[in-house]
Each structure stands twice: as C-alpha cells, then as structure tokens.
file final30.txt (compact mmCIF, C-alpha atoms)
# COMPACT_ATOMS: atom_id res chain seq x y z
CA MET A 1 -103.11 -104.71 42.96
CA ARG A 2 -102.99 -104.11 39.22
CA ASN A 3 -106.10 -105.90 37.94
CA LEU A 4 -105.76 -107.22 34.39
CA LEU A 5 -109.41 -108.18 34.30
CA ALA A 6 -110.90 -104.84 35.25
CA LEU A 7 -112.00 -102.65 32.36
CA TRP A 8 -111.58 -98.92 31.92
CA LEU A 9 -113.93 -97.06 29.62
CA SER A 10 -112.24 -96.87 26.22
CA LEU A 11 -113.86 -93.51 25.44
CA ALA A 12 -113.43 -92.02 28.88
CA LEU A 13 -111.43 -88.96 27.82
CA VAL A 14 -113.73 -85.94 27.68
CA LEU A 15 -113.25 -83.28 25.02
CA ALA A 16 -113.65 -79.66 26.03
CA GLY A 17 -115.73 -77.36 23.87
CA LEU A 18 -115.48 -73.60 23.76
CA PRO A 19 -118.03 -71.95 26.07
CA ALA A 20 -120.83 -69.98 24.48
CA GLY A 21 -119.79 -66.42 23.77
CA ALA A 22 -116.08 -67.12 24.26
CA GLN A 23 -113.93 -64.25 23.04
CA VAL A 24 -111.60 -66.08 20.65
CA SER A 25 -110.10 -64.74 17.44
CA PRO A 26 -111.61 -66.29 14.28
CA THR A 27 -108.26 -67.79 13.29
CA ALA A 28 -107.66 -69.32 16.71
CA LYS A 29 -111.18 -70.75 16.68
CA GLU A 30 -110.59 -72.21 13.23
CA HIS A 31 -107.46 -74.00 14.46
CA PHE A 32 -109.32 -75.12 17.59
CA ASP A 33 -112.23 -76.55 15.59
CA GLN A 34 -109.81 -78.32 13.25
CA GLY A 35 -108.08 -79.83 16.28
CA VAL A 36 -111.37 -81.14 17.65
CA ALA A 37 -112.21 -82.62 14.25
CA ALA A 38 -108.79 -84.29 14.09
CA LEU A 39 -109.33 -85.89 17.51
CA GLN A 40 -112.75 -87.13 16.50
CA GLU A 41 -111.25 -88.59 13.32
CA GLY A 42 -108.55 -90.42 15.26
CA LYS A 43 -105.67 -88.16 14.21
CA PRO A 44 -104.06 -87.07 17.49
CA ALA A 45 -100.78 -85.87 15.95
CA LEU A 46 -102.67 -83.49 13.68
CA ALA A 47 -104.78 -82.41 16.66
CA VAL A 48 -101.63 -81.46 18.60
CA GLU A 49 -100.53 -79.34 15.66
CA LYS A 50 -103.88 -77.54 15.41
CA PHE A 51 -104.30 -76.89 19.14
CA SER A 52 -100.70 -75.64 19.32
CA ALA A 53 -101.49 -73.20 16.50
CA ALA A 54 -104.56 -71.99 18.39
CA LEU A 55 -102.51 -71.50 21.56
CA LYS A 56 -99.92 -69.39 19.75
CA LEU A 57 -102.72 -66.97 18.96
CA ASP A 58 -104.49 -67.30 22.32
CA PRO A 59 -102.17 -68.65 25.05
CA ASP A 60 -104.96 -68.51 27.64
CA LEU A 61 -107.34 -70.82 25.78
CA THR A 62 -108.04 -73.35 28.52
CA GLU A 63 -109.99 -75.73 26.29
CA ALA A 64 -107.11 -75.95 23.81
CA TYR A 65 -104.76 -77.11 26.59
CA ILE A 66 -107.29 -79.73 27.70
CA ASN A 67 -107.83 -81.09 24.21
CA ARG A 68 -104.14 -81.03 23.35
CA GLY A 69 -103.57 -82.97 26.56
CA ILE A 70 -106.08 -85.55 25.34
CA ALA A 71 -104.24 -85.75 22.02
CA TYR A 72 -100.94 -86.27 23.83
CA GLN A 73 -102.57 -88.96 25.95
CA ARG A 74 -103.69 -90.77 22.82
CA LEU A 75 -100.12 -90.54 21.54
CA ASP A 76 -98.92 -92.14 24.80
CA GLN A 77 -97.10 -88.91 25.73
CA ALA A 78 -98.29 -88.88 29.32
CA VAL A 79 -95.88 -86.23 30.63
CA ASP A 80 -96.94 -83.75 27.94
CA ALA A 81 -100.58 -84.58 28.60
CA VAL A 82 -100.32 -83.89 32.34
CA THR A 83 -98.41 -80.66 31.65
CA ASP A 84 -101.28 -79.43 29.50
CA PHE A 85 -103.91 -80.43 32.06
CA ASP A 86 -101.87 -78.62 34.73
CA LYS A 87 -101.82 -75.48 32.61
CA ALA A 88 -105.57 -75.71 32.02
CA LEU A 89 -106.12 -75.93 35.78
CA GLU A 90 -103.88 -72.92 36.37
CA LEU A 91 -106.20 -70.98 34.09
CA ASN A 92 -109.39 -72.52 35.49
CA PRO A 93 -109.02 -74.46 38.77
CA LYS A 94 -112.64 -75.62 38.50
CA SER A 95 -112.31 -77.17 35.04
CA LEU A 96 -114.09 -80.51 35.30
CA GLU A 97 -112.64 -81.77 32.01
CA ALA A 98 -109.08 -80.95 33.07
CA LEU A 99 -109.48 -82.63 36.47
CA TYR A 100 -111.16 -85.71 35.04
CA ASN A 101 -108.71 -86.20 32.18
CA ARG A 102 -105.70 -85.60 34.41
CA GLY A 103 -107.13 -88.19 36.78
CA LEU A 104 -107.28 -90.67 33.93
CA ALA A 105 -103.71 -89.86 32.93
CA TYR A 106 -102.53 -90.39 36.50
CA SER A 107 -104.48 -93.65 36.77
CA ARG A 108 -103.03 -95.04 33.58
CA GLY A 109 -99.56 -94.04 34.73
CA GLY A 110 -99.96 -95.79 38.07
CA LEU A 111 -100.07 -92.55 40.09
CA PHE A 112 -103.18 -93.66 41.91
CA ALA A 113 -103.07 -91.29 44.88
CA LYS A 114 -102.93 -88.28 42.57
CA ALA A 115 -105.71 -89.76 40.45
CA LEU A 116 -107.95 -90.13 43.51
CA GLU A 117 -107.39 -86.48 44.41
CA ASP A 118 -108.47 -85.35 40.94
CA TYR A 119 -111.52 -87.61 40.77
CA THR A 120 -112.64 -86.54 44.23
CA GLN A 121 -112.22 -82.88 43.34
CA ALA A 122 -114.08 -83.41 40.06
CA LEU A 123 -117.02 -84.94 41.94
CA LYS A 124 -117.42 -81.68 43.86
CA TYR A 125 -118.34 -80.04 40.56
CA ALA A 126 -120.20 -83.01 39.04
CA PRO A 127 -121.66 -85.14 41.87
CA LYS A 128 -123.92 -87.05 39.49
CA ASP A 129 -121.30 -88.04 36.92
CA TRP A 130 -121.30 -91.83 36.93
CA GLU A 131 -118.06 -92.12 34.92
CA ILE A 132 -116.09 -90.32 37.62
CA TYR A 133 -117.39 -92.73 40.27
CA TYR A 134 -116.65 -95.64 37.95
CA ASN A 135 -113.06 -94.60 37.27
CA ARG A 136 -112.42 -93.67 40.89
CA GLY A 137 -113.70 -97.13 41.77
CA ASN A 138 -111.23 -98.62 39.32
CA THR A 139 -108.42 -96.69 40.97
CA TYR A 140 -109.47 -97.94 44.39
CA LEU A 141 -109.55 -101.46 42.95
CA ASP A 142 -106.00 -101.05 41.65
CA LEU A 143 -104.95 -99.88 45.12
CA GLY A 144 -106.62 -102.87 46.76
CA LYS A 145 -109.09 -100.63 48.60
CA LEU A 146 -111.97 -102.94 47.89
CA GLN A 147 -114.70 -101.49 50.11
CA GLU A 148 -114.10 -98.04 48.64
CA ALA A 149 -114.18 -99.51 45.14
CA LEU A 150 -117.48 -101.24 45.87
CA ALA A 151 -119.01 -98.02 47.21
CA ASP A 152 -118.08 -96.15 44.03
CA TYR A 153 -119.36 -98.92 41.76
CA GLN A 154 -122.64 -98.94 43.71
CA GLN A 155 -122.99 -95.19 43.22
CA ALA A 156 -122.11 -95.45 39.54
CA LEU A 157 -124.80 -98.12 39.08
CA LYS A 158 -127.39 -95.95 40.83
CA LEU A 159 -126.65 -93.19 38.34
CA HIS A 160 -126.22 -95.46 35.30
CA PRO A 161 -127.94 -98.83 35.90
CA ASP A 162 -127.27 -102.01 33.94
CA THR A 163 -123.84 -100.94 32.68
CA PRO A 164 -121.81 -104.09 31.90
CA GLU A 165 -118.41 -102.53 32.62
CA ILE A 166 -119.44 -101.41 36.10
CA LEU A 167 -121.00 -104.76 36.95
CA HIS A 168 -117.96 -106.64 35.67
CA ASN A 169 -115.52 -104.58 37.72
CA ARG A 170 -117.74 -104.84 40.78
CA ALA A 171 -117.58 -108.60 40.31
CA GLN A 172 -113.79 -108.38 40.50
CA ALA A 173 -114.01 -106.50 43.77
CA TYR A 174 -116.33 -109.18 45.14
CA LEU A 175 -113.90 -111.91 44.08
CA TYR A 176 -111.02 -110.21 45.89
CA LEU A 177 -113.25 -109.89 48.95
CA GLY A 178 -113.94 -113.63 48.89
CA LYS A 179 -117.57 -113.24 47.82
CA PRO A 180 -117.84 -115.45 44.72
CA GLU A 181 -121.64 -115.71 44.94
CA GLN A 182 -122.06 -111.96 44.43
CA ALA A 183 -119.37 -111.98 41.74
CA LEU A 184 -121.21 -114.71 39.87
CA GLU A 185 -124.48 -112.77 40.04
CA ASP A 186 -122.80 -109.71 38.54
CA GLU A 187 -121.08 -111.64 35.74
CA ASP A 188 -124.32 -113.44 34.87
CA GLN A 189 -126.05 -110.07 34.66
CA VAL A 190 -123.25 -108.76 32.42
CA LEU A 191 -123.77 -111.67 30.05
CA GLU A 192 -127.52 -111.12 30.01
CA LEU A 193 -126.91 -107.52 28.99
CA ASN A 194 -124.14 -108.36 26.53
CA PRO A 195 -123.53 -112.02 25.62
CA ASN A 196 -120.40 -110.96 23.71
CA PHE A 197 -118.67 -109.52 26.80
CA ALA A 198 -115.80 -111.99 26.73
CA ARG A 199 -114.09 -111.12 30.01
CA ALA A 200 -117.29 -111.83 31.90
CA TYR A 201 -116.81 -115.51 31.01
CA PHE A 202 -113.39 -115.43 32.66
CA GLY A 203 -114.80 -113.72 35.74
CA LYS A 204 -117.67 -116.20 35.83
CA ALA A 205 -115.23 -119.09 35.59
CA GLN A 206 -113.22 -117.68 38.49
CA ALA A 207 -116.33 -117.39 40.65
CA LEU A 208 -117.54 -120.89 39.78
CA GLU A 209 -114.10 -122.34 40.47
CA LYS A 210 -114.05 -120.72 43.92
CA LEU A 211 -117.54 -122.12 44.55
CA GLY A 212 -116.32 -125.61 43.69
CA GLN A 213 -118.50 -125.88 40.60
CA LYS A 214 -115.88 -127.56 38.42
CA ALA A 215 -117.98 -128.35 35.34
CA GLY A 216 -119.42 -124.86 35.13
CA ALA A 217 -115.99 -123.27 35.59
CA MET A 218 -114.52 -125.42 32.82
CA ALA A 219 -117.35 -124.47 30.46
CA ALA A 220 -116.87 -120.76 31.21
CA TYR A 221 -113.11 -120.94 30.70
CA ARG A 222 -113.65 -122.69 27.37
CA GLN A 223 -116.09 -120.01 26.30
CA PHE A 224 -113.57 -117.33 27.17
CA LEU A 225 -110.90 -119.12 25.15
CA LYS A 226 -113.27 -118.96 22.16
CA THR A 227 -114.28 -115.32 22.57
CA GLY A 228 -111.34 -113.50 24.20
CA ASN A 229 -109.33 -111.01 22.15
CA PRO A 230 -105.95 -112.55 21.23
CA GLU A 231 -104.21 -109.19 21.72
CA SER A 232 -105.87 -107.31 24.59
CA ASP A 233 -106.77 -110.51 26.48
CA ALA A 234 -103.52 -112.39 25.80
CA ALA A 235 -102.46 -112.70 29.46
CA LEU A 236 -105.94 -113.73 30.56
CA LEU A 237 -106.20 -116.32 27.80
CA GLN A 238 -103.00 -117.92 29.07
CA GLN A 239 -104.40 -117.92 32.60
CA ALA A 240 -107.66 -119.47 31.41
CA LEU A 241 -105.78 -122.22 29.61
CA ALA A 242 -103.70 -122.95 32.71
CA HIS A 243 -106.78 -123.09 34.95
CA LEU A 244 -108.57 -125.33 32.47
CA ARG A 245 -105.67 -127.80 32.37
CA VAL A 246 -105.64 -127.99 36.16
CA LEU A 247 -109.39 -128.57 36.29
CA GLU A 248 -109.13 -131.23 33.61
CA GLY A 249 -106.37 -132.92 35.57
CA LYS A 250 -103.78 -132.55 32.81

call {"tool": "encode", "arguments": {"input": "final30.txt", "output": "structure tokens"}}
result
Amino acid sequence: MRNLLALWLSLALVLAGLPAGAQVSPTAKEHFDQGVAALQEGKPALAVEKFSAALKLDPDLTEAYINRGIAYQRLDQAVDAVTDFDKALELNPKSLEALYNRGLAYSRGGLFAKALEDYTQALKYAPKDWEIYYNRGNTYLDLGKLQEALADYQQALKLHPDTPEILHNRAQAYLYLGKPEQALEDEDQVLELNPNFARAYFGKAQALEKLGQKAGAMAAYRQFLKTGNPESDAALLQQALAHLRVLEGK
C-alpha cells in the first residue's frame, strides 16, 4: 500500500558529528568539517568529495561514512548510501544515526521489512525519539499494517504533540481502517495548526466524502486544487479533480 498522501519528514536525515575528544588528525577533521558544511549548504556532491578525503586519512571514521551516506542519499545514489551506512554499523553496531538513516534509505527504496528492523533496533537506543516512531509508522502504513501504524503515530504524538505531519498520516491510517470521523478530526486539527497544509484539505475531502457530506467534500477538494503543489502533489491534484467532477455530476 504505497500511500501518495502520507508525508515523510523532509529533513529526516540525521547528520553525525564527531564525538567529543575524538582522536582524528587535523587534516581529516578539516575535510570532515568541510563535508558537513557542504551538506548544510545543499552541496551533496562536494560533501561526498570531502568525506571521501577524510576517509582516506582515517578509514575508521564512522561519522564520515554516515554523513557520506547521507550525501549519497541526497544524490539519489541509494546503493552507495546503504553501503556507507553498512560500513558505519560494522565499525559501531550501536550507531543510532547509521541505523536511522539506513532505515530511511530502505523505506524510500521500498525495502520495508529491512527498514522496520533498523527503526526497531534504533528505538532500543533512543526510546523517546519521536521521529523514529513517526517514520516506522509510515513504513507500517506503506505495508498496510494499519494498527501498527496507528500505535506508532500515537507514541510519536505523545512525545511530540500537535505535529501536523503525524496527525495527517494518522488520518490516512484511520481512512484505510474505515474510520472517517477520526480522520476528519485529525485533518481539522492539522488545519488549525497550519492552515497552509494543503494535503490536509485532500484528506479532509476524502473523509467528508465517505461520511456523505457532499458539499463539504466539494469545498475541501476545491481548496486543495487551489493550494496543492503542482509538482509534488500532481497525482493528488488529478485525483481531486476527478472526485470533484463525480460529486458535481459532470
């Protein structure tokens, strides 16, 4: 169940910093710091170059593998990214950043079972990290394991209340479970928190349509057509237009 409407956190990748007192040569550290700066400036290709230079000097620099993996991920080089996260975990099996980022890479590549393993392992080291629960919930949602997704979204909301992305994705789980009332409550709360959250209008329209509230559904679909992103929401905008035409009897 690949859910077009569910949102993943756009800044979910977690950079790894050097631990205090790390024994790293000054030159390797300089390359490492330049790589971090390049990532922060949105220059992943340059970051790969800098982290590779650091690793030539210190081939056991776990954090450089993690951050180079992030750079590869941003370059859509998923295989290289996972290879670097694997290497980081060989060096430090308890690296939270490596587990979490590899989980994201697996999720985005459709390798959901592997992603679940990494998220679950990461939670052993960071049981109060709401983003891990959120992204594991998204993976369960993609797998159609709706009760598990709901449980993770509930936990994420306990740790990080009033987060629009969590509420919106929980609404999707409710819709799939045939609970449009709860979905509508979540989408309304999303729009209270952020009136510019365009996809919440689509989710709200879906819930209202299932509840037989034709006028409200039409209004919500129209609002989504006004506010949706023409690029990232292209498929949903086409769906909204199709639903609207049916509701209008055209």

call {"tool": "closest_residue", "arguments": {"input": "final30.txt", "among": "A:Leu123, A:Ala37, A:Leu157, A:Ala205", "to": "Leu247 in chain A", "atoms": "all atoms listed in the file"}}
result
A:Ala205

call {"tool": "residues_around", "arguments": {"input": "final30.txt", "residues": "Ala234 in chain A", "least_positions_apart": "3", "cutoff": "12 Å", "atoms": "all atoms listed in the file", "output": "mmCIF file with C-alpha atoms, in the frame of the given file"}}
result
data_model
loop_
_atom_site.group_PDB
_atom_site.id
_atom_site.type_symbol
_atom_site.label_atom_id
_atom_site.label_comp_id
_atom_site.auth_asym_id
_atom_site.auth_seq_id
_atom_site.Cartn_x
_atom_site.Cartn_y
_atom_site.Cartn_z
ATOM 1 C CA LEU A 4 -105.760 -107.220 34.390
ATOM 2 C CA LEU A 5 -109.410 -108.180 34.300
ATOM 3 C CA ARG A 199 -114.090 -111.120 30.010
ATOM 4 C CA PHE A 224 -113.570 -117.330 27.170
ATOM 5 C CA LEU A 225 -110.900 -119.120 25.150
ATOM 6 C CA THR A 227 -114.280 -115.320 22.570
ATOM 7 C CA GLY A 228 -111.340 -113.500 24.200
ATOM 8 C CA ASN A 229 -109.330 -111.010 22.150
ATOM 9 C CA PRO A 230 -105.950 -112.550 21.230
ATOM 10 C CA GLU A 231 -104.210 -109.190 21.720
ATOM 11 C CA LEU A 237 -106.200 -116.320 27.800
ATOM 12 C CA GLN A 238 -103.000 -117.920 29.070
ATOM 13 C CA GLN A 239 -104.400 -117.920 32.600
ATOM 14 C CA ALA A 240 -107.660 -119.470 31.410
ATOM 15 C CA LEU A 241 -105.780 -122.220 29.610
#

call {"tool": "residues_around", "arguments": {"input": "final30.txt", "residues": "range 177-190 of chain A", "least_positions_apart": "2", "cutoff": "12 Å", "atoms": "all atoms listed in the file", "output": "VMD selection string"}}
result
chain A and resid 141 144 to 150 153 to 154 157 161 to 175 192 to 213 216 to 217 220

call {"tool": "atom_distance", "arguments": {"input": "final30.txt", "atom1": "CA of Asp80 in chain A", "atom2": "CA of Ala235 in chain A"}}
result
29.5 Å

call {"tool": "residues_around", "arguments": {"input": "final30.txt", "residues": "Tyr106 in chain A", "least_positions_apart": "6", "cutoff": "9 Å", "atoms": "all atoms listed in the file", "output": "list in words"}}
result
Ala78, Val82, Phe112, Ala113, Lys114, Ala115, Leu116 and Asp118 of chain A

call {"tool": "atom_distance", "arguments": {"input": "final30.txt", "atom1": "CA of Leu89 in chain A", "atom2": "CA of Thr62 in chain A"}}
result
7.9 Å

call {"tool": "closest_residue", "arguments": {"input": "final30.txt", "among": "A:Leu99, A:Ala126, A:Leu236, A:Ala54", "to": "Ile70 in chain A", "atoms": "all atoms listed in the file"}}
result
A:Leu99

call {"tool": "closest_residue", "arguments": {"input": "final30.txt", "among": "A:Gly110, A:Gly103, A:Gly35, A:Pro44", "to": "Asp142 in chain A", "atoms": "all atoms listed in the file"}}
result
A:Gly110

call {"tool": "axis_aligned_box", "arguments": {"input": "final30.txt", "around": "range 54-58 of chain A", "padding_each_side": "8 Å", "output": "lines of an AutoDock Vina configuration file"}}
result
center_x = -102.2
center_y = -69.5
center_z = 20.4
size_x = 20.6
size_y = 21.0
size_z = 19.9

call {"tool": "residues_around", "arguments": {"input": "final30.txt", "residues": "Tyr133 in chain A", "least_positions_apart": "5", "cutoff": "7 Å", "atoms": "only C-alpha atoms", "output": "PyMOL selection string"}}
result
chain A and resi 152-153+155-156

call {"tool": "atom_distance", "arguments": {"input": "final30.txt", "atom1": "CA of Glu63 in chain A", "atom2": "CA of His160 in chain A"}}
result
27.1 Å

call {"tool": "closest_residue", "arguments": {"input": "final30.txt", "among": "A:Ala71, A:Val24, A:Leu55, A:Ala215", "to": "Gln40 in chain A", "atoms": "all atoms listed in the file"}}
result
A:Ala71

call {"tool": "residues_around", "arguments": {"input": "final30.txt", "residues": "Leu91 in chain A", "least_positions_apart": "2", "cutoff": "9 Å", "atoms": "all atoms listed in the file", "output": "list in words"}}
result
Asp60, Leu61, Thr62, Asp86, Lys87, Ala88, Leu89, Pro93 and Ser95 of chain A
